[in-house]
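Data block for query-v2.cif (mmCIF, N, CA and C atoms):
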data_coords
#
loop_
_atom_site.label_atom_id
_atom_site.label_comp_id
_atom_site.auth_asym_id
_atom_site.auth_seq_id
_atom_site.Cartn_x
_atom_site.Cartn_y
_atom_site.Cartn_z
N MET A 1 84.80 137.31 -48.95
CA MET A 1 85.82 136.34 -48.60
C MET A 1 86.08 135.37 -49.76
N ILE A 2 85.00 134.83 -50.37
CA ILE A 2 85.14 133.91 -51.49
C ILE A 2 85.83 134.58 -52.65
N ASN A 3 85.45 135.82 -52.94
CA ASN A 3 86.09 136.54 -54.05
C ASN A 3 87.58 136.75 -53.80
N GLU A 4 87.95 137.00 -52.56
CA GLU A 4 89.36 137.17 -52.22
C GLU A 4 90.13 135.86 -52.44
N LEU A 5 89.52 134.75 -52.07
CA LEU A 5 90.16 133.45 -52.28
C LEU A 5 90.29 133.14 -53.77
N LYS A 6 89.25 133.45 -54.54
CA LYS A 6 89.32 133.23 -55.98
C LYS A 6 90.41 134.08 -56.61
N HIS A 7 90.51 135.32 -56.15
CA HIS A 7 91.54 136.22 -56.67
C HIS A 7 92.93 135.66 -56.36
N GLU A 8 93.12 135.15 -55.17
CA GLU A 8 94.40 134.58 -54.78
C GLU A 8 94.72 133.33 -55.61
N LEU A 9 93.71 132.49 -55.85
CA LEU A 9 93.91 131.32 -56.69
C LEU A 9 94.28 131.72 -58.12
N GLU A 10 93.66 132.77 -58.63
CA GLU A 10 93.99 133.28 -59.96
C GLU A 10 95.46 133.72 -60.02
N ARG A 11 95.90 134.38 -58.97
CA ARG A 11 97.29 134.84 -58.91
C ARG A 11 98.25 133.65 -58.88
N ILE A 12 97.92 132.65 -58.08
CA ILE A 12 98.74 131.44 -58.00
C ILE A 12 98.76 130.72 -59.34
N LEU A 13 97.60 130.65 -59.98
CA LEU A 13 97.48 130.00 -61.28
C LEU A 13 98.34 130.72 -62.32
N SER A 14 98.33 132.03 -62.29
CA SER A 14 99.13 132.82 -63.22
C SER A 14 100.62 132.56 -63.01
N CYS A 15 101.05 132.53 -61.76
CA CYS A 15 102.46 132.26 -61.45
C CYS A 15 102.86 130.85 -61.88
N ALA A 16 101.99 129.88 -61.63
CA ALA A 16 102.28 128.50 -62.02
C ALA A 16 102.43 128.40 -63.53
N ARG A 17 101.59 129.10 -64.27
CA ARG A 17 101.67 129.06 -65.73
C ARG A 17 102.94 129.71 -66.25
N LYS A 18 103.40 130.77 -65.59
CA LYS A 18 104.67 131.40 -65.98
C LYS A 18 105.83 130.44 -65.77
N ILE A 19 105.83 129.76 -64.63
CA ILE A 19 106.89 128.79 -64.35
C ILE A 19 106.84 127.65 -65.35
N LEU A 20 105.64 127.15 -65.61
CA LEU A 20 105.48 126.05 -66.56
C LEU A 20 105.95 126.44 -67.96
N LYS A 21 105.63 127.66 -68.36
CA LYS A 21 106.04 128.13 -69.68
C LYS A 21 107.55 128.24 -69.79
N SER A 22 108.20 128.71 -68.75
CA SER A 22 109.65 128.89 -68.81
C SER A 22 110.43 127.60 -68.55
N SER A 23 109.86 126.68 -67.77
CA SER A 23 110.59 125.48 -67.38
C SER A 23 110.18 124.23 -68.13
N GLY A 24 108.94 124.17 -68.61
CA GLY A 24 108.43 122.93 -69.18
C GLY A 24 108.17 121.93 -68.06
N THR A 25 107.80 120.72 -68.42
CA THR A 25 107.48 119.74 -67.39
C THR A 25 108.65 118.83 -67.06
N ALA A 26 109.80 119.07 -67.71
CA ALA A 26 110.95 118.20 -67.48
C ALA A 26 111.68 118.52 -66.17
N THR A 27 111.46 119.70 -65.61
CA THR A 27 112.14 120.09 -64.38
C THR A 27 111.21 119.89 -63.18
N GLU A 28 111.80 119.86 -62.01
CA GLU A 28 110.99 119.74 -60.78
C GLU A 28 110.08 120.95 -60.63
N ALA A 29 110.60 122.14 -60.93
CA ALA A 29 109.77 123.35 -60.83
C ALA A 29 108.60 123.28 -61.80
N GLY A 30 108.85 122.81 -63.00
CA GLY A 30 107.79 122.69 -64.00
C GLY A 30 106.74 121.67 -63.59
N ARG A 31 107.19 120.55 -63.04
CA ARG A 31 106.24 119.52 -62.60
C ARG A 31 105.40 120.03 -61.43
N ALA A 32 106.02 120.76 -60.52
CA ALA A 32 105.27 121.33 -59.40
C ALA A 32 104.27 122.36 -59.91
N ALA A 33 104.69 123.17 -60.88
CA ALA A 33 103.80 124.18 -61.46
C ALA A 33 102.62 123.52 -62.15
N LEU A 34 102.86 122.42 -62.85
CA LEU A 34 101.78 121.70 -63.51
C LEU A 34 100.79 121.15 -62.48
N GLN A 35 101.31 120.63 -61.40
CA GLN A 35 100.47 120.11 -60.32
C GLN A 35 99.62 121.23 -59.73
N ILE A 36 100.22 122.36 -59.48
CA ILE A 36 99.49 123.51 -58.93
C ILE A 36 98.44 123.99 -59.93
N GLU A 37 98.82 124.06 -61.20
CA GLU A 37 97.87 124.53 -62.22
C GLU A 37 96.65 123.62 -62.29
N ARG A 38 96.87 122.33 -62.34
CA ARG A 38 95.75 121.38 -62.41
C ARG A 38 94.84 121.50 -61.20
N SER A 39 95.43 121.61 -60.02
CA SER A 39 94.63 121.68 -58.81
C SER A 39 93.87 123.00 -58.70
N ALA A 40 94.53 124.11 -59.01
CA ALA A 40 93.87 125.42 -58.94
C ALA A 40 92.76 125.53 -59.97
N THR A 41 93.00 125.02 -61.18
CA THR A 41 91.97 125.04 -62.22
C THR A 41 90.75 124.26 -61.77
N LYS A 42 90.99 123.12 -61.15
CA LYS A 42 89.88 122.30 -60.65
C LYS A 42 89.10 123.04 -59.55
N LEU A 43 89.81 123.69 -58.64
CA LEU A 43 89.15 124.44 -57.57
C LEU A 43 88.33 125.60 -58.09
N LEU A 44 88.82 126.24 -59.16
CA LEU A 44 88.11 127.37 -59.73
C LEU A 44 86.93 126.93 -60.60
N GLY A 45 86.78 125.62 -60.79
CA GLY A 45 85.65 125.10 -61.54
C GLY A 45 85.78 125.28 -63.03
N ARG A 46 86.99 125.32 -63.53
CA ARG A 46 87.21 125.51 -64.96
C ARG A 46 87.56 124.17 -65.60
N ASP A 47 87.34 124.11 -66.89
CA ASP A 47 87.76 122.95 -67.65
C ASP A 47 89.28 122.97 -67.74
N ALA A 48 89.88 121.82 -67.52
CA ALA A 48 91.33 121.73 -67.64
C ALA A 48 91.74 121.91 -69.09
N GLN A 49 92.78 122.69 -69.32
CA GLN A 49 93.27 122.88 -70.67
C GLN A 49 94.13 121.69 -71.05
N CYS A 50 94.22 121.43 -72.31
CA CYS A 50 95.02 120.32 -72.80
C CYS A 50 96.48 120.77 -72.88
N ILE A 51 97.33 120.14 -72.08
CA ILE A 51 98.73 120.49 -71.98
C ILE A 51 99.56 119.25 -72.24
N CYS A 52 100.55 119.37 -73.10
CA CYS A 52 101.43 118.24 -73.38
C CYS A 52 102.13 117.85 -72.08
N PRO A 53 101.98 116.61 -71.63
CA PRO A 53 102.58 116.21 -70.37
C PRO A 53 104.10 116.07 -70.43
N GLU A 54 104.65 116.07 -71.62
CA GLU A 54 106.10 115.91 -71.76
C GLU A 54 106.82 117.25 -71.74
N CYS A 55 106.25 118.28 -72.39
CA CYS A 55 106.97 119.55 -72.50
C CYS A 55 106.20 120.76 -71.97
N GLY A 56 104.92 120.60 -71.66
CA GLY A 56 104.14 121.71 -71.13
C GLY A 56 103.48 122.58 -72.19
N TYR A 57 103.58 122.21 -73.47
CA TYR A 57 102.94 122.98 -74.53
C TYR A 57 101.43 122.98 -74.31
N ARG A 58 100.82 124.17 -74.39
CA ARG A 58 99.39 124.33 -74.16
C ARG A 58 98.66 124.38 -75.51
N PHE A 59 97.80 123.41 -75.74
CA PHE A 59 97.02 123.37 -76.97
C PHE A 59 95.88 124.38 -76.86
N ARG A 60 95.80 125.29 -77.81
CA ARG A 60 94.84 126.38 -77.73
C ARG A 60 93.61 126.16 -78.60
N GLY A 61 93.62 125.13 -79.40
CA GLY A 61 92.49 124.89 -80.29
C GLY A 61 91.37 124.16 -79.60
N ASN A 62 90.78 123.25 -80.30
CA ASN A 62 89.65 122.48 -79.79
C ASN A 62 90.17 121.21 -79.12
N GLY A 63 90.31 121.22 -77.84
CA GLY A 63 90.78 120.06 -77.09
C GLY A 63 92.20 119.69 -77.45
N TRP A 64 92.38 118.44 -77.85
CA TRP A 64 93.71 117.91 -78.15
C TRP A 64 94.07 118.03 -79.63
N ASP A 65 93.38 118.88 -80.39
CA ASP A 65 93.70 119.04 -81.81
C ASP A 65 95.18 119.37 -81.98
N GLY A 66 95.85 118.58 -82.80
CA GLY A 66 97.26 118.82 -83.09
C GLY A 66 98.23 118.01 -82.25
N ILE A 67 97.72 117.24 -81.29
CA ILE A 67 98.62 116.47 -80.43
C ILE A 67 99.43 115.46 -81.23
N ASP A 68 98.83 114.84 -82.24
CA ASP A 68 99.56 113.82 -83.00
C ASP A 68 100.77 114.42 -83.72
N ALA A 69 100.58 115.54 -84.40
CA ALA A 69 101.69 116.18 -85.11
C ALA A 69 102.72 116.71 -84.11
N HIS A 70 102.27 117.31 -83.03
CA HIS A 70 103.18 117.84 -82.01
C HIS A 70 104.02 116.70 -81.43
N TRP A 71 103.37 115.60 -81.04
CA TRP A 71 104.07 114.50 -80.41
C TRP A 71 105.09 113.89 -81.36
N ARG A 72 104.66 113.64 -82.60
CA ARG A 72 105.58 113.01 -83.56
C ARG A 72 106.78 113.90 -83.87
N ALA A 73 106.58 115.22 -83.87
CA ALA A 73 107.68 116.14 -84.16
C ALA A 73 108.62 116.33 -82.97
N LYS A 74 108.09 116.28 -81.76
CA LYS A 74 108.90 116.62 -80.58
C LYS A 74 109.27 115.45 -79.67
N HIS A 75 108.42 114.44 -79.57
CA HIS A 75 108.60 113.44 -78.52
C HIS A 75 108.60 111.99 -78.99
N GLU A 76 108.64 111.77 -80.29
CA GLU A 76 108.59 110.39 -80.80
C GLU A 76 109.75 109.55 -80.27
N SER A 77 110.88 110.20 -79.96
CA SER A 77 112.04 109.46 -79.43
C SER A 77 111.81 109.00 -77.98
N VAL A 78 110.90 109.65 -77.29
CA VAL A 78 110.59 109.28 -75.90
C VAL A 78 109.67 108.06 -75.88
N MET A 79 108.61 108.14 -76.68
CA MET A 79 107.62 107.07 -76.77
C MET A 79 106.85 107.30 -78.06
N THR A 80 106.48 106.22 -78.73
CA THR A 80 105.72 106.40 -79.97
C THR A 80 104.35 107.00 -79.64
N TYR A 81 103.83 107.74 -80.60
CA TYR A 81 102.53 108.38 -80.41
C TYR A 81 101.44 107.35 -80.15
N SER A 82 101.51 106.22 -80.86
CA SER A 82 100.47 105.20 -80.70
C SER A 82 100.44 104.62 -79.29
N LYS A 83 101.57 104.63 -78.60
CA LYS A 83 101.61 104.17 -77.20
C LYS A 83 101.28 105.31 -76.24
N ALA A 84 101.73 106.52 -76.57
CA ALA A 84 101.56 107.66 -75.67
C ALA A 84 100.12 108.18 -75.64
N TRP A 85 99.44 108.23 -76.80
CA TRP A 85 98.11 108.84 -76.86
C TRP A 85 97.11 108.23 -75.90
N PRO A 86 96.98 106.90 -75.81
CA PRO A 86 96.01 106.36 -74.85
C PRO A 86 96.32 106.78 -73.41
N LEU A 87 97.59 106.90 -73.08
CA LEU A 87 97.97 107.33 -71.73
C LEU A 87 97.65 108.80 -71.50
N ILE A 88 97.95 109.62 -72.51
CA ILE A 88 97.66 111.06 -72.41
C ILE A 88 96.16 111.27 -72.29
N LYS A 89 95.40 110.60 -73.14
CA LYS A 89 93.94 110.75 -73.15
C LYS A 89 93.33 110.35 -71.81
N ALA A 90 93.89 109.31 -71.19
CA ALA A 90 93.39 108.85 -69.90
C ALA A 90 93.91 109.70 -68.74
N GLY A 91 94.86 110.59 -69.02
CA GLY A 91 95.42 111.45 -67.97
C GLY A 91 96.44 110.75 -67.09
N VAL A 92 97.02 109.66 -67.57
CA VAL A 92 97.97 108.91 -66.75
C VAL A 92 99.40 108.93 -67.30
N TYR A 93 99.63 109.59 -68.44
CA TYR A 93 100.99 109.68 -68.97
C TYR A 93 101.83 110.54 -68.04
N ARG A 94 103.02 110.08 -67.73
CA ARG A 94 103.96 110.85 -66.91
C ARG A 94 105.28 110.98 -67.64
N PRO A 95 105.85 112.17 -67.71
CA PRO A 95 107.11 112.34 -68.42
C PRO A 95 108.21 111.51 -67.78
N SER A 96 109.01 110.89 -68.62
CA SER A 96 110.15 110.09 -68.17
C SER A 96 109.75 109.05 -67.15
N GLN A 97 108.52 108.58 -67.23
CA GLN A 97 108.00 107.53 -66.35
C GLN A 97 108.11 107.91 -64.87
N ARG A 98 107.90 109.17 -64.55
CA ARG A 98 107.94 109.63 -63.15
C ARG A 98 106.64 109.29 -62.45
N SER A 99 106.65 109.46 -61.14
CA SER A 99 105.47 109.14 -60.35
C SER A 99 104.34 110.11 -60.67
N PRO A 100 103.09 109.69 -60.47
CA PRO A 100 101.95 110.53 -60.79
C PRO A 100 101.89 111.80 -59.94
N LEU A 101 101.27 112.83 -60.51
CA LEU A 101 101.06 114.07 -59.78
C LEU A 101 99.76 113.95 -58.99
N ASP A 102 99.83 114.23 -57.72
CA ASP A 102 98.65 114.18 -56.88
C ASP A 102 97.93 115.52 -56.94
N ASP A 103 96.64 115.50 -56.64
CA ASP A 103 95.87 116.71 -56.49
C ASP A 103 96.25 117.32 -55.15
N LEU A 104 96.71 118.55 -55.15
CA LEU A 104 97.18 119.19 -53.91
C LEU A 104 96.06 119.41 -52.90
N PHE A 105 94.81 119.44 -53.35
CA PHE A 105 93.73 119.83 -52.48
C PHE A 105 92.77 118.71 -52.13
N THR A 106 93.17 117.47 -52.37
CA THR A 106 92.29 116.37 -51.97
C THR A 106 92.40 116.16 -50.48
N GLU A 107 91.29 115.80 -49.90
CA GLU A 107 91.29 115.53 -48.46
C GLU A 107 91.63 114.07 -48.24
N GLU A 108 92.47 113.82 -47.28
CA GLU A 108 92.87 112.44 -46.98
C GLU A 108 92.12 111.90 -45.81
#

The structure in this file should be written as structure tokens.
Amino acid sequence: MINELKHELERILSCARKILKSSGTATEAGRAALQIERSATKLLGRDAQCICPECGYRFRGNGWDGIDAHWRAKHESVMTYSKAWPLIKAGVYRPSQRSPLDDLFTEE
């Protein structure tokens, strides 16, 4: 039963990543996909990957390596890197100052 649930979460995670890759985080679909990805990753017990909260770019190196160059090249017009980095690092940066993404699986 547990293996079946894990397999289903993997499938959902894969679909969410496809949507995120094609839409980015600027669209409602992309933001929903990011929310699903974060929640499913947490449920599967994996380390969250470093993803640019503005465009959905997935950093593949060591943690946030390259975020400064990426941000300055792509998003400096949205917010300066010096202001954005502390928010990104804390996990509270939201694109276009939108409301925070909730964990889909938290119990209320």

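Considering only N, CA and C atoms, the residue among A:Tyr93, A:Glu10, A:Trp85, A:Met1 positioned nearest to Leu44 of chain A is A:Glu10.
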
Worksheet item: Closest to Tyr81 of chain A among A:Ile2, A:Ala32, A:Ile67, A:Leu9, using only N, CA and C atoms?
Response: A:Ile67

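Atom pair atom C of Lys21 of chain A / atom CA of Glu37 of chain A has a distance of 12.8 Å (rounded to one decimal).
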
Item to complete: Name all residues at most 12 Å from Ile36 of chain A (count only C-alpha atoms; drop same-chain ones fewer than 4 positions away) and give them as a list in words.
Response: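 Once the adjacent positions are removed, what remains is Leu9, Glu10, Arg11, Ile12, Leu13, Ser14, Cys15, Ala16, Arg17, Lys18, Ile19, Leu20, Ala29, Gly30, Arg31, Ala32, Ala40, Thr41, Lys42, Leu43, Leu101, Asp102, Asp103, Leu104 and Phe105 of chain A.
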
Those selected residues, please, written with N, CA and C atoms and delivered as a compact mmCIF listing (two decimals), in the frame of the given file.
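After the write, part_13.txt holds the following:
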# COMPACT_ATOMS: atom_id res chain seq x y z
N LEU A 9 93.71 132.49 -55.85
CA LEU A 9 93.91 131.32 -56.69
C LEU A 9 94.28 131.72 -58.12
N GLU A 10 93.66 132.77 -58.63
CA GLU A 10 93.99 133.28 -59.96
C GLU A 10 95.46 133.72 -60.02
N ARG A 11 95.90 134.38 -58.97
CA ARG A 11 97.29 134.84 -58.91
C ARG A 11 98.25 133.65 -58.88
N ILE A 12 97.92 132.65 -58.08
CA ILE A 12 98.74 131.44 -58.00
C ILE A 12 98.76 130.72 -59.34
N LEU A 13 97.60 130.65 -59.98
CA LEU A 13 97.48 130.00 -61.28
C LEU A 13 98.34 130.72 -62.32
N SER A 14 98.33 132.03 -62.29
CA SER A 14 99.13 132.82 -63.22
C SER A 14 100.62 132.56 -63.01
N CYS A 15 101.05 132.53 -61.76
CA CYS A 15 102.46 132.26 -61.45
C CYS A 15 102.86 130.85 -61.88
N ALA A 16 101.99 129.88 -61.63
CA ALA A 16 102.28 128.50 -62.02
C ALA A 16 102.43 128.40 -63.53
N ARG A 17 101.59 129.10 -64.27
CA ARG A 17 101.67 129.06 -65.73
C ARG A 17 102.94 129.71 -66.25
N LYS A 18 103.40 130.77 -65.59
CA LYS A 18 104.67 131.40 -65.98
C LYS A 18 105.83 130.44 -65.77
N ILE A 19 105.83 129.76 -64.63
CA ILE A 19 106.89 128.79 -64.35
C ILE A 19 106.84 127.65 -65.35
N LEU A 20 105.64 127.15 -65.61
CA LEU A 20 105.48 126.05 -66.56
C LEU A 20 105.95 126.44 -67.96
N ALA A 29 110.60 122.14 -60.93
CA ALA A 29 109.77 123.35 -60.83
C ALA A 29 108.60 123.28 -61.80
N GLY A 30 108.85 122.81 -63.00
CA GLY A 30 107.79 122.69 -64.00
C GLY A 30 106.74 121.67 -63.59
N ARG A 31 107.19 120.55 -63.04
CA ARG A 31 106.24 119.52 -62.60
C ARG A 31 105.40 120.03 -61.43
N ALA A 32 106.02 120.76 -60.52
CA ALA A 32 105.27 121.33 -59.40
C ALA A 32 104.27 122.36 -59.91
N ALA A 40 94.53 124.11 -59.01
CA ALA A 40 93.87 125.42 -58.94
C ALA A 40 92.76 125.53 -59.97
N THR A 41 93.00 125.02 -61.18
CA THR A 41 91.97 125.04 -62.22
C THR A 41 90.75 124.26 -61.77
N LYS A 42 90.99 123.12 -61.15
CA LYS A 42 89.88 122.30 -60.65
C LYS A 42 89.10 123.04 -59.55
N LEU A 43 89.81 123.69 -58.64
CA LEU A 43 89.15 124.44 -57.57
C LEU A 43 88.33 125.60 -58.09
N LEU A 101 101.27 112.83 -60.51
CA LEU A 101 101.06 114.07 -59.78
C LEU A 101 99.76 113.95 -58.99
N ASP A 102 99.83 114.23 -57.72
CA ASP A 102 98.65 114.18 -56.88
C ASP A 102 97.93 115.52 -56.94
N ASP A 103 96.64 115.50 -56.64
CA ASP A 103 95.87 116.71 -56.49
C ASP A 103 96.25 117.32 -55.15
N LEU A 104 96.71 118.55 -55.15
CA LEU A 104 97.18 119.19 -53.91
C LEU A 104 96.06 119.41 -52.90
N PHE A 105 94.81 119.44 -53.35
CA PHE A 105 93.73 119.83 -52.48
C PHE A 105 92.77 118.71 -52.13

Item to complete: Just the helix (DSSP H, G or I) stuff from segment 14-104 of chain A, please, per backbone DSSP, written as a ChimeraX atom specification.
Response: /A:14-23,28-43,67-74,81-90,95-97

Residues as selected, N, CA and C atoms, written as a CSV table (one decimal), keeping the file's coordinate frame, can you do that?
chain,number,residue,atom,x,y,z
A,14,SER,N,98.3,132.0,-62.3
A,14,SER,CA,99.1,132.8,-63.2
A,14,SER,C,100.6,132.6,-63.0
A,15,CYS,N,101.0,132.5,-61.8
A,15,CYS,CA,102.5,132.3,-61.4
A,15,CYS,C,102.9,130.8,-61.9
A,16,ALA,N,102.0,129.9,-61.6
A,16,ALA,CA,102.3,128.5,-62.0
A,16,ALA,C,102.4,128.4,-63.5
A,17,ARG,N,101.6,129.1,-64.3
A,17,ARG,CA,101.7,129.1,-65.7
A,17,ARG,C,102.9,129.7,-66.2
A,18,LYS,N,103.4,130.8,-65.6
A,18,LYS,CA,104.7,131.4,-66.0
A,18,LYS,C,105.8,130.4,-65.8
A,19,ILE,N,105.8,129.8,-64.6
A,19,ILE,CA,106.9,128.8,-64.4
A,19,ILE,C,106.8,127.6,-65.4
A,20,LEU,N,105.6,127.2,-65.6
A,20,LEU,CA,105.5,126.0,-66.6
A,20,LEU,C,106.0,126.4,-68.0
A,21,LYS,N,105.6,127.7,-68.4
A,21,LYS,CA,106.0,128.1,-69.7
A,21,LYS,C,107.6,128.2,-69.8
A,22,SER,N,108.2,128.7,-68.8
A,22,SER,CA,109.6,128.9,-68.8
A,22,SER,C,110.4,127.6,-68.6
A,23,SER,N,109.9,126.7,-67.8
A,23,SER,CA,110.6,125.5,-67.4
A,23,SER,C,110.2,124.2,-68.1
A,28,GLU,N,111.8,119.9,-62.0
A,28,GLU,CA,111.0,119.7,-60.8
A,28,GLU,C,110.1,121.0,-60.6
A,29,ALA,N,110.6,122.1,-60.9
A,29,ALA,CA,109.8,123.4,-60.8
A,29,ALA,C,108.6,123.3,-61.8
A,30,GLY,N,108.8,122.8,-63.0
A,30,GLY,CA,107.8,122.7,-64.0
A,30,GLY,C,106.7,121.7,-63.6
A,31,ARG,N,107.2,120.6,-63.0
A,31,ARG,CA,106.2,119.5,-62.6
A,31,ARG,C,105.4,120.0,-61.4
A,32,ALA,N,106.0,120.8,-60.5
A,32,ALA,CA,105.3,121.3,-59.4
A,32,ALA,C,104.3,122.4,-59.9
A,33,ALA,N,104.7,123.2,-60.9
A,33,ALA,CA,103.8,124.2,-61.5
A,33,ALA,C,102.6,123.5,-62.2
A,34,LEU,N,102.9,122.4,-62.8
A,34,LEU,CA,101.8,121.7,-63.5
A,34,LEU,C,100.8,121.2,-62.5
A,35,GLN,N,101.3,120.6,-61.4
A,35,GLN,CA,100.5,120.1,-60.3
A,35,GLN,C,99.6,121.2,-59.7
A,36,ILE,N,100.2,122.4,-59.5
A,36,ILE,CA,99.5,123.5,-58.9
A,36,ILE,C,98.4,124.0,-59.9
A,37,GLU,N,98.8,124.1,-61.2
A,37,GLU,CA,97.9,124.5,-62.2
A,37,GLU,C,96.6,123.6,-62.3
A,38,ARG,N,96.9,122.3,-62.3
A,38,ARG,CA,95.8,121.4,-62.4
A,38,ARG,C,94.8,121.5,-61.2
A,39,SER,N,95.4,121.6,-60.0
A,39,SER,CA,94.6,121.7,-58.8
A,39,SER,C,93.9,123.0,-58.7
A,40,ALA,N,94.5,124.1,-59.0
A,40,ALA,CA,93.9,125.4,-58.9
A,40,ALA,C,92.8,125.5,-60.0
A,41,THR,N,93.0,125.0,-61.2
A,41,THR,CA,92.0,125.0,-62.2
A,41,THR,C,90.8,124.3,-61.8
A,42,LYS,N,91.0,123.1,-61.2
A,42,LYS,CA,89.9,122.3,-60.6
A,42,LYS,C,89.1,123.0,-59.6
A,43,LEU,N,89.8,123.7,-58.6
A,43,LEU,CA,89.2,124.4,-57.6
A,43,LEU,C,88.3,125.6,-58.1
A,67,ILE,N,97.7,117.2,-81.3
A,67,ILE,CA,98.6,116.5,-80.4
A,67,ILE,C,99.4,115.5,-81.2
A,68,ASP,N,98.8,114.8,-82.2
A,68,ASP,CA,99.6,113.8,-83.0
A,68,ASP,C,100.8,114.4,-83.7
A,69,ALA,N,100.6,115.5,-84.4
A,69,ALA,CA,101.7,116.2,-85.1
A,69,ALA,C,102.7,116.7,-84.1
A,70,HIS,N,102.3,117.3,-83.0
A,70,HIS,CA,103.2,117.8,-82.0
A,70,HIS,C,104.0,116.7,-81.4
A,71,TRP,N,103.4,115.6,-81.0
A,71,TRP,CA,104.1,114.5,-80.4
A,71,TRP,C,105.1,113.9,-81.4
A,72,ARG,N,104.7,113.6,-82.6
A,72,ARG,CA,105.6,113.0,-83.6
A,72,ARG,C,106.8,113.9,-83.9
A,73,ALA,N,106.6,115.2,-83.9
A,73,ALA,CA,107.7,116.1,-84.2
A,73,ALA,C,108.6,116.3,-83.0
A,74,LYS,N,108.1,116.3,-81.8
A,74,LYS,CA,108.9,116.6,-80.6
A,74,LYS,C,109.3,115.4,-79.7
A,81,TYR,N,103.8,107.7,-80.6
A,81,TYR,CA,102.5,108.4,-80.4
A,81,TYR,C,101.4,107.4,-80.2
A,82,SER,N,101.5,106.2,-80.9
A,82,SER,CA,100.5,105.2,-80.7
A,82,SER,C,100.4,104.6,-79.3
A,83,LYS,N,101.6,104.6,-78.6
A,83,LYS,CA,101.6,104.2,-77.2
A,83,LYS,C,101.3,105.3,-76.2
A,84,ALA,N,101.7,106.5,-76.6
A,84,ALA,CA,101.6,107.7,-75.7
A,84,ALA,C,100.1,108.2,-75.6
A,85,TRP,N,99.4,108.2,-76.8
A,85,TRP,CA,98.1,108.8,-76.9
A,85,TRP,C,97.1,108.2,-75.9
A,86,PRO,N,97.0,106.9,-75.8
A,86,PRO,CA,96.0,106.4,-74.8
A,86,PRO,C,96.3,106.8,-73.4
A,87,LEU,N,97.6,106.9,-73.1
A,87,LEU,CA,98.0,107.3,-71.7
A,87,LEU,C,97.6,108.8,-71.5
A,88,ILE,N,98.0,109.6,-72.5
A,88,ILE,CA,97.7,111.1,-72.4
A,88,ILE,C,96.2,111.3,-72.3
A,89,LYS,N,95.4,110.6,-73.1
A,89,LYS,CA,93.9,110.8,-73.2
A,89,LYS,C,93.3,110.4,-71.8
A,90,ALA,N,93.9,109.3,-71.2
A,90,ALA,CA,93.4,108.8,-69.9
A,90,ALA,C,93.9,109.7,-68.7
A,95,PRO,N,105.8,112.2,-67.7
A,95,PRO,CA,107.1,112.3,-68.4
A,95,PRO,C,108.2,111.5,-67.8
A,96,SER,N,109.0,110.9,-68.6
A,96,SER,CA,110.2,110.1,-68.2
A,96,SER,C,109.8,109.0,-67.2
A,97,GLN,N,108.5,108.6,-67.2
A,97,GLN,CA,108.0,107.5,-66.4
A,97,GLN,C,108.1,107.9,-64.9
